[in-house]
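K.L.:
Pasting final-v4.cif here (mmCIF, C-alpha atoms):
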```cif
data_run
loop_
_atom_site.group_PDB
_atom_site.id
_atom_site.type_symbol
_atom_site.label_atom_id
_atom_site.label_comp_id
_atom_site.auth_asym_id
_atom_site.auth_seq_id
_atom_site.Cartn_x
_atom_site.Cartn_y
_atom_site.Cartn_z
ATOM 1 C CA MET S 563 0.000 0.000 0.000
ATOM 2 C CA VAL S 564 1.195 3.535 -0.755
ATOM 3 C CA HIS S 565 0.722 6.669 1.378
ATOM 4 C CA PHE S 566 1.218 10.096 -0.246
ATOM 5 C CA CYS S 567 1.838 13.393 1.539
ATOM 6 C CA ILE S 568 2.295 16.248 -0.926
ATOM 7 C CA PHE S 569 2.478 20.009 -0.085
ATOM 8 C CA GLY S 570 1.236 19.425 3.432
ATOM 9 C CA GLY S 571 1.712 17.545 6.636
ATOM 10 C CA HIS S 572 0.639 14.184 7.993
ATOM 11 C CA GLU S 573 0.780 12.730 11.465
ATOM 12 C CA GLY S 574 -0.273 9.158 12.100
ATOM 13 C CA GLN S 575 0.538 5.635 13.181
ATOM 14 C CA LEU S 576 3.147 3.590 11.326
ATOM 15 C CA SER S 577 1.024 0.815 9.912
ATOM 16 C CA GLY S 578 1.953 -2.697 8.876
ATOM 17 C CA ASP S 579 -0.300 -2.556 5.818
ATOM 18 C CA LYS S 580 1.368 0.555 4.399
ATOM 19 C CA ARG S 581 4.637 -0.283 2.748
ATOM 20 C CA VAL S 582 5.638 2.873 0.830
ATOM 21 C CA TYR S 583 5.402 6.402 2.215
ATOM 22 C CA ILE S 584 6.014 9.306 -0.175
ATOM 23 C CA THR S 585 6.445 12.846 1.175
ATOM 24 C CA VAL S 586 7.022 15.742 -1.240
ATOM 25 C CA PHE S 587 7.288 19.387 -0.079
ATOM 26 C CA GLY S 588 5.787 18.504 3.278
ATOM 27 C CA GLY S 589 6.228 16.817 6.593
ATOM 28 C CA CYS S 590 5.267 13.356 7.782
ATOM 29 C CA GLU S 591 5.474 12.211 11.400
ATOM 30 C CA LEU S 592 4.605 8.590 12.092
ATOM 31 C CA LYS S 593 4.420 6.937 15.490
ATOM 32 C CA GLN S 594 5.910 3.476 15.865
ATOM 33 C CA PRO S 595 3.576 0.918 17.510
ATOM 34 C CA THR S 596 4.243 -0.051 21.122
ATOM 35 C CA LEU S 597 6.081 -3.274 21.906
ATOM 36 C CA ALA S 598 2.852 -4.931 23.078
ATOM 37 C CA LYS S 599 1.102 -4.063 19.803
ATOM 38 C CA ARG S 600 4.090 -5.313 17.814
ATOM 39 C CA ILE S 601 4.061 -8.617 19.696
ATOM 40 C CA MET S 602 0.325 -9.093 19.128
ATOM 41 C CA GLU S 603 0.662 -8.121 15.445
ATOM 42 C CA ARG S 604 3.534 -10.592 15.070
ATOM 43 C CA ARG S 605 1.441 -13.324 16.655
ATOM 44 C CA ARG S 606 -1.531 -12.593 14.341
ATOM 45 C CA SER S 607 0.747 -12.651 11.295
ATOM 46 C CA GLN S 608 2.235 -15.987 12.325
ATOM 47 C CA ALA S 609 -1.247 -17.445 12.935
ATOM 48 C CA VAL S 610 -2.409 -16.691 9.380
ATOM 49 C CA GLY S 611 0.932 -17.471 7.748
ATOM 50 C CA LEU S 612 1.891 -13.914 6.775
ATOM 51 C CA PRO S 613 5.452 -12.597 6.976
ATOM 52 C CA THR S 614 6.239 -11.187 10.413
ATOM 53 C CA SER S 615 8.675 -8.502 9.304
ATOM 54 C CA ARG S 616 7.537 -4.907 8.899
ATOM 55 C CA ASN S 617 9.191 -3.543 5.801
ATOM 56 C CA SER S 618 8.521 0.059 4.915
ATOM 57 C CA PHE S 619 10.171 2.341 2.375
ATOM 58 C CA PHE S 620 10.162 6.118 2.627
ATOM 59 C CA ILE S 621 10.705 8.567 -0.221
ATOM 60 C CA THR S 622 11.169 12.127 1.032
ATOM 61 C CA LEU S 623 11.773 15.009 -1.384
ATOM 62 C CA PHE S 624 12.057 18.602 -0.151
ATOM 63 C CA GLY S 625 10.480 17.700 3.173
ATOM 64 C CA GLY S 626 10.898 15.754 6.355
ATOM 65 C CA THR S 627 9.866 12.332 7.635
ATOM 66 C CA SER S 628 10.154 11.363 11.290
ATOM 67 C CA ILE S 629 9.445 8.041 13.026
ATOM 68 C CA LYS S 630 8.593 8.640 16.717
ATOM 69 C CA ILE S 631 9.050 5.935 19.335
ATOM 70 C CA PRO S 632 6.116 5.682 21.802
ATOM 71 C CA THR S 633 6.449 7.267 25.227
ATOM 72 C CA LEU S 634 7.112 5.114 28.267
ATOM 73 C CA ALA S 635 3.581 5.830 29.512
ATOM 74 C CA GLU S 636 2.089 4.567 26.231
ATOM 75 C CA GLU S 637 4.319 1.476 26.301
ATOM 76 C CA PHE S 638 3.432 0.763 29.931
ATOM 77 C CA LEU S 639 -0.327 1.211 29.520
ATOM 78 C CA ASP S 640 -0.533 -0.915 26.347
ATOM 79 C CA LEU S 641 1.482 -3.718 27.939
ATOM 80 C CA ARG S 642 -0.473 -3.592 31.195
ATOM 81 C CA ASP S 643 -3.806 -3.636 29.332
ATOM 82 C CA ALA S 644 -2.710 -6.546 27.117
ATOM 83 C CA LEU S 645 -1.699 -8.501 30.238
ATOM 84 C CA ARG S 646 -4.924 -7.689 32.085
ATOM 85 C CA SER S 647 -7.092 -8.678 29.122
ATOM 86 C CA GLY S 648 -5.252 -11.962 28.640
ATOM 87 C CA LEU S 649 -4.028 -11.104 25.142
ATOM 88 C CA LEU S 650 -0.464 -11.490 26.410
ATOM 89 C CA THR S 651 1.199 -13.289 29.282
ATOM 90 C CA MET S 652 4.548 -12.324 30.743
ATOM 91 C CA GLU S 653 5.958 -15.564 29.331
ATOM 92 C CA ASP S 654 4.785 -14.476 25.851
ATOM 93 C CA TRP S 655 6.292 -11.040 26.384
ATOM 94 C CA ASP S 656 9.618 -12.372 27.684
ATOM 95 C CA SER S 657 10.043 -14.818 24.802
ATOM 96 C CA ALA S 658 8.999 -12.223 22.218
ATOM 97 C CA MET S 659 11.472 -9.664 23.569
ATOM 98 C CA ALA S 660 14.268 -11.752 22.078
ATOM 99 C CA GLN S 661 12.800 -11.113 18.610
ATOM 100 C CA VAL S 662 10.569 -8.023 18.698
ATOM 101 C CA GLY S 663 12.467 -6.020 21.307
ATOM 102 C CA THR S 664 15.811 -6.338 19.586
ATOM 103 C CA GLU S 665 14.692 -6.115 15.978
ATOM 104 C CA SER S 666 14.314 -2.743 14.451
ATOM 105 C CA LEU S 667 11.620 -2.058 11.970
ATOM 106 C CA SER S 668 13.007 -2.727 8.523
ATOM 107 C CA LEU S 669 13.071 0.786 7.112
ATOM 108 C CA GLY S 670 14.476 1.853 3.798
ATOM 109 C CA SER S 671 14.569 5.428 2.633
ATOM 110 C CA PHE S 672 15.488 7.771 -0.163
ATOM 111 C CA THR S 673 15.768 11.406 0.882
ATOM 112 C CA ALA S 674 16.696 14.361 -1.313
ATOM 113 C CA PHE S 675 16.741 17.945 -0.011
ATOM 114 C CA GLY S 676 15.038 16.918 3.207
ATOM 115 C CA GLY S 677 15.378 14.862 6.344
ATOM 116 C CA PHE S 678 14.509 11.399 7.587
ATOM 117 C CA GLY S 679 14.975 10.050 11.106
ATOM 118 C CA GLU S 680 13.809 7.909 13.995
ATOM 119 C CA GLU S 681 13.657 9.594 17.384
ATOM 120 C CA LEU S 682 12.866 8.968 21.011
ATOM 121 C CA PRO S 683 10.203 11.135 22.635
ATOM 122 C CA SER S 684 11.598 14.301 24.161
ATOM 123 C CA GLU S 685 12.186 14.431 27.900
ATOM 124 C CA GLU S 686 9.291 16.886 28.150
ATOM 125 C CA GLU S 687 6.893 14.487 26.346
ATOM 126 C CA GLU S 688 7.987 11.609 28.589
ATOM 127 C CA VAL S 689 7.641 13.560 31.835
ATOM 128 C CA GLU S 690 4.268 15.058 30.845
ATOM 129 C CA GLY S 691 2.896 11.642 29.836
ATOM 130 C CA LEU S 692 4.025 10.063 33.092
ATOM 131 C CA ALA S 693 2.751 12.975 35.218
ATOM 132 C CA LEU S 694 -0.659 12.993 33.538
ATOM 133 C CA ASN S 695 -1.129 9.237 33.880
ATOM 134 C CA ARG S 696 0.037 9.293 37.501
ATOM 135 C CA HIS S 697 -2.402 12.119 38.237
ATOM 136 C CA LEU S 698 -5.254 10.173 36.596
ATOM 137 C CA GLY S 699 -4.343 7.034 38.552
ATOM 138 C CA HIS S 700 -3.413 4.957 35.512
ATOM 139 C CA ILE S 701 0.168 4.604 36.721
ATOM 140 C CA SER S 702 1.052 4.194 40.394
ATOM 141 C CA ASP S 703 3.664 6.454 42.002
ATOM 142 C CA SER S 704 6.126 3.560 42.412
ATOM 143 C CA ALA S 705 5.728 2.461 38.775
ATOM 144 C CA GLY S 706 6.012 6.088 37.662
ATOM 145 C CA ARG S 707 9.274 6.538 39.554
ATOM 146 C CA THR S 708 10.640 3.386 37.916
ATOM 147 C CA LEU S 709 9.529 4.523 34.457
ATOM 148 C CA GLU S 710 11.354 7.828 34.973
ATOM 149 C CA PHE S 711 14.629 5.865 34.784
ATOM 150 C CA GLY S 712 13.773 4.991 31.166
ATOM 151 C CA VAL S 713 13.571 8.569 29.918
ATOM 152 C CA GLY S 714 16.110 9.005 27.134
ATOM 153 C CA ARG S 715 16.927 5.303 26.939
ATOM 154 C CA SER S 716 16.209 2.939 24.076
ATOM 155 C CA GLY S 717 16.214 -0.757 23.248
ATOM 156 C CA SER S 718 16.575 -3.369 25.954
ATOM 157 C CA HIS S 719 16.944 -0.726 28.695
ATOM 158 C CA ARG S 720 13.398 0.502 28.019
ATOM 159 C CA ALA S 721 12.019 -3.056 27.913
ATOM 160 C CA ALA S 722 13.655 -3.948 31.247
ATOM 161 C CA ILE S 723 12.353 -0.769 32.868
ATOM 162 C CA LEU S 724 8.829 -1.459 31.567
ATOM 163 C CA ARG S 725 8.921 -4.952 33.062
ATOM 164 C CA ARG S 726 10.162 -3.620 36.410
ATOM 165 C CA ALA S 727 7.469 -0.915 36.467
ATOM 166 C CA LEU S 728 4.784 -3.567 35.909
ATOM 167 C CA SER S 729 6.141 -5.423 38.915
ATOM 168 C CA ASP S 730 6.178 -2.206 40.980
ATOM 169 C CA GLN S 731 2.537 -1.557 40.134
ATOM 170 C CA GLY S 732 1.578 -5.111 41.052
ATOM 171 C CA ALA S 733 0.531 -6.073 37.522
ATOM 172 C CA ILE S 734 2.918 -9.064 37.677
ATOM 173 C CA PRO S 735 4.552 -10.857 40.605
ATOM 174 C CA ALA S 736 7.916 -9.347 41.578
ATOM 175 C CA THR S 737 9.674 -12.693 41.042
ATOM 176 C CA ALA S 738 8.311 -13.210 37.525
#
```
Just dump the structure as structure tokens.

P.N.:
Amino acid sequence: MVHFCIFGGHEGQLSGDKRVYITVFGGCELKQPTLAKRIMERRRSQAVGLPTSRNSFFITLFGGTSIKIPTLAEEFLDLRDALRSGLLTMEDWDSAMAQVGTESLSLGSFTAFGGFGEELPSEEEEVEGLALNRHLGHISDSAGRTLEFGVGRSGSHRAAILRRALSDQGAIPATA
């Protein structure tokens, strides 16, 4: 599937069904799915015999394309909700981390007179997301303090901090 953004801007979710993104004289900001969503998508793909890799190609001319990694609050809430609903177990998550957590999305790009990049959320976005969700009661104070250690980190550090925060909130046993 092809997604065009010409003489304008687009903000959305990086989707597995869209394979080619074309941005000309504009800006495109796409949010990467959370780890929990990637694990569930991988599982669905394996169940129906589809390829599990997410290959996307970006053509950017005279514009900018940015892939944003989800905030820690978004990662935490999606994982907690998937565990609570029974869509994932911690055993599923732990085994999938070896594949999904370490693999990067397969991204190819051609950029001329513009920019293309993948970026972590800013410290301000992370802190605001955590503060708001703590205020609303979605994230406990102890889990929030643990998640604060993940600000500015990527890869396996973020995954380990997410797991520890789930334990701090009581979503999983501390010994799991």

K.L.:
Mind dumping a table of every region 674-697 of chain S residue within 8 Å of region 598-622 of chain S, with the nearest atom pair and its distance in Å to one decimal, using all atoms listed in the file, sorted by chain and rising number, as JSON lines?

P.N.:
```
{"residue": "S:Ala674", "atom": "CA", "partner": "S:Thr622", "partner_atom": "CA", "distance": 6.4}
{"residue": "S:Gly676", "atom": "CA", "partner": "S:Thr622", "partner_atom": "CA", "distance": 6.5}
{"residue": "S:Gly677", "atom": "CA", "partner": "S:Thr622", "partner_atom": "CA", "distance": 7.3}
{"residue": "S:Phe678", "atom": "CA", "partner": "S:Thr622", "partner_atom": "CA", "distance": 7.4}
```

K.L.:
Find, counting all atoms listed in the file, the residue in S:Asp643, S:Glu591, S:Asp656, S:Glu680 that gets nearest to Ser718 (chain S).

P.N.:
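Counting all atoms listed in the file, the residue closest to Ser718 (chain S) is S:Asp656.
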
K.L.:
Could you check how far CA of Glu637 (chain S) sits from CA of Gly589 (chain S), in Å to one decimal?

P.N.:
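CA of Gly589 (chain S) lies at a distance of 25.0 Å from CA of Glu637 (chain S).
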
K.L.:
Got a sec: who's within 9 Å of region 626-633 of chain S, counting all atoms listed in the file, leaving out chain neighbours fewer than 3 positions off, as a PyMOL selection string?

P.N.:
chain S and resi 576+585-597+620-623+636-638+673+675-684+687-688+691-692+713

K.L.:
Could you please determine the separation between CA of Ala727 (chain S) and CA of Gly714 (chain S) in Å, to one decimal place?

P.N.:
16.1 Å

K.L.:
Mind checking which residues fall within 10 Å of Leu645 (chain S), counting only C-alpha atoms, ignoring those fewer than 2 positions away in the same chain, and posting them as a count of residues only?

P.N.:
17

K.L.:
Please indicate the distance in Å from CA of Glu685 (chain S) to CA of His572 (chain S), rounded to one decimal place.

P.N.:
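Spanning CA of Glu685 (chain S) to CA of His572 (chain S) is a straight-line distance of 23.0 Å.
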
K.L.:
Between S:Phe624, S:Glu710, S:Ser729, S:Asp703, which has the minimum distance to Glu690 (chain S) (counting only C-alpha atoms)?

P.N.:
S:Glu710

K.L.:
Determine the nearest neighbour of Phe711 (chain S) from the options S:Arg581, S:Arg646, S:Arg726, S:His565, counting all atoms listed in the file.

P.N.:
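Of the candidates, the smallest distance to Phe711 (chain S) is held by S:Arg726.
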
K.L.:
Ranking S:His697, S:Met563, S:Tyr583, S:Leu634 by minimum distance to Gly712 (chain S) and counting only C-alpha atoms, which one comes first?

P.N.:
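Of S:His697, S:Met563, S:Tyr583, S:Leu634, the one nearest Gly712 (chain S) is S:Leu634, counting only C-alpha atoms.
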
K.L.:
May I ask you to restore N, CA and C atoms in region 610-644 of chain S and write the result as a PDB file, in the frame of the given file?

P.N.:
```pdb
ATOM      1  N   VAL S 610      -1.805 -16.590  10.719  1.00  0.00           N
ATOM      2  CA  VAL S 610      -2.409 -16.691   9.380  1.00  0.00           C
ATOM      3  C   VAL S 610      -1.364 -16.934   8.296  1.00  0.00           C
ATOM      4  N   GLY S 611      -0.108 -17.133   8.700  1.00  0.00           N
ATOM      5  CA  GLY S 611       0.932 -17.471   7.748  1.00  0.00           C
ATOM      6  C   GLY S 611       1.487 -16.307   6.948  1.00  0.00           C
ATOM      7  N   LEU S 612       1.331 -15.087   7.450  1.00  0.00           N
ATOM      8  CA  LEU S 612       1.891 -13.914   6.775  1.00  0.00           C
ATOM      9  C   LEU S 612       3.308 -13.663   7.273  1.00  0.00           C
ATOM     10  N   PRO S 613       4.111 -12.947   6.491  1.00  0.00           N
ATOM     11  CA  PRO S 613       5.452 -12.597   6.976  1.00  0.00           C
ATOM     12  C   PRO S 613       5.353 -11.736   8.231  1.00  0.00           C
ATOM     13  N   THR S 614       6.290 -11.924   9.147  1.00  0.00           N
ATOM     14  CA  THR S 614       6.239 -11.187  10.413  1.00  0.00           C
ATOM     15  C   THR S 614       7.077  -9.920  10.378  1.00  0.00           C
ATOM     16  N   SER S 615       7.862  -9.711   9.346  1.00  0.00           N
ATOM     17  CA  SER S 615       8.675  -8.502   9.304  1.00  0.00           C
ATOM     18  C   SER S 615       7.845  -7.326   8.816  1.00  0.00           C
ATOM     19  N   ARG S 616       8.214  -6.146   9.284  1.00  0.00           N
ATOM     20  CA  ARG S 616       7.537  -4.907   8.899  1.00  0.00           C
ATOM     21  C   ARG S 616       8.487  -4.123   8.026  1.00  0.00           C
ATOM     22  N   ASN S 617       8.327  -4.256   6.732  1.00  0.00           N
ATOM     23  CA  ASN S 617       9.191  -3.543   5.801  1.00  0.00           C
ATOM     24  C   ASN S 617       8.460  -2.321   5.286  1.00  0.00           C
ATOM     25  N   SER S 618       9.087  -1.188   5.417  1.00  0.00           N
ATOM     26  CA  SER S 618       8.521   0.059   4.915  1.00  0.00           C
ATOM     27  C   SER S 618       9.616   0.821   4.188  1.00  0.00           C
ATOM     28  N   PHE S 619       9.228   1.529   3.128  1.00  0.00           N
ATOM     29  CA  PHE S 619      10.171   2.341   2.375  1.00  0.00           C
ATOM     30  C   PHE S 619       9.641   3.760   2.319  1.00  0.00           C
ATOM     31  N   PHE S 620      10.539   4.712   2.553  1.00  0.00           N
ATOM     32  CA  PHE S 620      10.162   6.118   2.627  1.00  0.00           C
ATOM     33  C   PHE S 620      10.889   6.899   1.543  1.00  0.00           C
ATOM     34  N   ILE S 621      10.135   7.653   0.764  1.00  0.00           N
ATOM     35  CA  ILE S 621      10.705   8.567  -0.221  1.00  0.00           C
ATOM     36  C   ILE S 621      10.358   9.969   0.247  1.00  0.00           C
ATOM     37  N   THR S 622      11.376  10.765   0.525  1.00  0.00           N
ATOM     38  CA  THR S 622      11.169  12.127   1.032  1.00  0.00           C
ATOM     39  C   THR S 622      11.916  13.094   0.130  1.00  0.00           C
ATOM     40  N   LEU S 623      11.183  13.997  -0.499  1.00  0.00           N
ATOM     41  CA  LEU S 623      11.773  15.009  -1.384  1.00  0.00           C
ATOM     42  C   LEU S 623      11.369  16.386  -0.876  1.00  0.00           C
ATOM     43  N   PHE S 624      12.327  17.237  -0.607  1.00  0.00           N
ATOM     44  CA  PHE S 624      12.057  18.602  -0.151  1.00  0.00           C
ATOM     45  C   PHE S 624      11.116  18.629   1.058  1.00  0.00           C
ATOM     46  N   GLY S 625      11.330  17.736   1.992  1.00  0.00           N
ATOM     47  CA  GLY S 625      10.480  17.700   3.173  1.00  0.00           C
ATOM     48  C   GLY S 625      11.148  16.921   4.282  1.00  0.00           C
ATOM     49  N   GLY S 626      10.362  16.503   5.230  1.00  0.00           N
ATOM     50  CA  GLY S 626      10.898  15.754   6.355  1.00  0.00           C
ATOM     51  C   GLY S 626       9.999  14.613   6.760  1.00  0.00           C
ATOM     52  N   THR S 627      10.596  13.490   7.129  1.00  0.00           N
ATOM     53  CA  THR S 627       9.866  12.332   7.635  1.00  0.00           C
ATOM     54  C   THR S 627      10.500  11.927   8.956  1.00  0.00           C
ATOM     55  N   SER S 628       9.672  11.707   9.967  1.00  0.00           N
ATOM     56  CA  SER S 628      10.154  11.363  11.290  1.00  0.00           C
ATOM     57  C   SER S 628       9.363  10.174  11.832  1.00  0.00           C
ATOM     58  N   ILE S 629      10.068   9.195  12.374  1.00  0.00           N
ATOM     59  CA  ILE S 629       9.445   8.041  13.026  1.00  0.00           C
ATOM     60  C   ILE S 629       9.644   8.242  14.531  1.00  0.00           C
ATOM     61  N   LYS S 630       8.534   8.393  15.266  1.00  0.00           N
ATOM     62  CA  LYS S 630       8.593   8.640  16.717  1.00  0.00           C
ATOM     63  C   LYS S 630       8.368   7.326  17.469  1.00  0.00           C
ATOM     64  N   ILE S 631       9.202   7.087  18.452  1.00  0.00           N
ATOM     65  CA  ILE S 631       9.050   5.935  19.335  1.00  0.00           C
ATOM     66  C   ILE S 631       8.016   6.300  20.397  1.00  0.00           C
ATOM     67  N   PRO S 632       7.132   5.361  20.783  1.00  0.00           N
ATOM     68  CA  PRO S 632       6.116   5.682  21.802  1.00  0.00           C
ATOM     69  C   PRO S 632       6.738   6.090  23.137  1.00  0.00           C
ATOM     70  N   THR S 633       5.983   6.872  23.896  1.00  0.00           N
ATOM     71  CA  THR S 633       6.449   7.267  25.227  1.00  0.00           C
ATOM     72  C   THR S 633       6.414   6.077  26.163  1.00  0.00           C
ATOM     73  N   LEU S 634       7.116   6.181  27.265  1.00  0.00           N
ATOM     74  CA  LEU S 634       7.112   5.114  28.267  1.00  0.00           C
ATOM     75  C   LEU S 634       5.712   4.889  28.828  1.00  0.00           C
ATOM     76  N   ALA S 635       4.949   5.973  29.003  1.00  0.00           N
ATOM     77  CA  ALA S 635       3.581   5.830  29.512  1.00  0.00           C
ATOM     78  C   ALA S 635       2.729   5.021  28.532  1.00  0.00           C
ATOM     79  N   GLU S 636       2.851   5.311  27.242  1.00  0.00           N
ATOM     80  CA  GLU S 636       2.089   4.567  26.231  1.00  0.00           C
ATOM     81  C   GLU S 636       2.510   3.100  26.221  1.00  0.00           C
ATOM     82  N   GLU S 637       3.815   2.854  26.269  1.00  0.00           N
ATOM     83  CA  GLU S 637       4.319   1.476  26.301  1.00  0.00           C
ATOM     84  C   GLU S 637       3.777   0.730  27.524  1.00  0.00           C
ATOM     85  N   PHE S 638       3.870   1.376  28.681  1.00  0.00           N
ATOM     86  CA  PHE S 638       3.432   0.763  29.931  1.00  0.00           C
ATOM     87  C   PHE S 638       1.943   0.441  29.907  1.00  0.00           C
ATOM     88  N   LEU S 639       1.123   1.414  29.510  1.00  0.00           N
ATOM     89  CA  LEU S 639      -0.327   1.211  29.520  1.00  0.00           C
ATOM     90  C   LEU S 639      -0.762   0.151  28.522  1.00  0.00           C
ATOM     91  N   ASP S 640      -0.176   0.121  27.326  1.00  0.00           N
ATOM     92  CA  ASP S 640      -0.533  -0.915  26.347  1.00  0.00           C
ATOM     93  C   ASP S 640      -0.150  -2.299  26.851  1.00  0.00           C
ATOM     94  N   LEU S 641       1.043  -2.420  27.431  1.00  0.00           N
ATOM     95  CA  LEU S 641       1.482  -3.718  27.939  1.00  0.00           C
ATOM     96  C   LEU S 641       0.624  -4.157  29.119  1.00  0.00           C
ATOM     97  N   ARG S 642       0.365  -3.251  30.043  1.00  0.00           N
ATOM     98  CA  ARG S 642      -0.473  -3.592  31.195  1.00  0.00           C
ATOM     99  C   ARG S 642      -1.873  -4.021  30.752  1.00  0.00           C
ATOM    100  N   ASP S 643      -2.469  -3.297  29.811  1.00  0.00           N
ATOM    101  CA  ASP S 643      -3.806  -3.636  29.332  1.00  0.00           C
ATOM    102  C   ASP S 643      -3.825  -4.974  28.599  1.00  0.00           C
ATOM    103  N   ALA S 644      -2.788  -5.257  27.822  1.00  0.00           N
ATOM    104  CA  ALA S 644      -2.710  -6.546  27.117  1.00  0.00           C
ATOM    105  C   ALA S 644      -2.585  -7.696  28.115  1.00  0.00           C
TER     106      ALA S 644
END
```
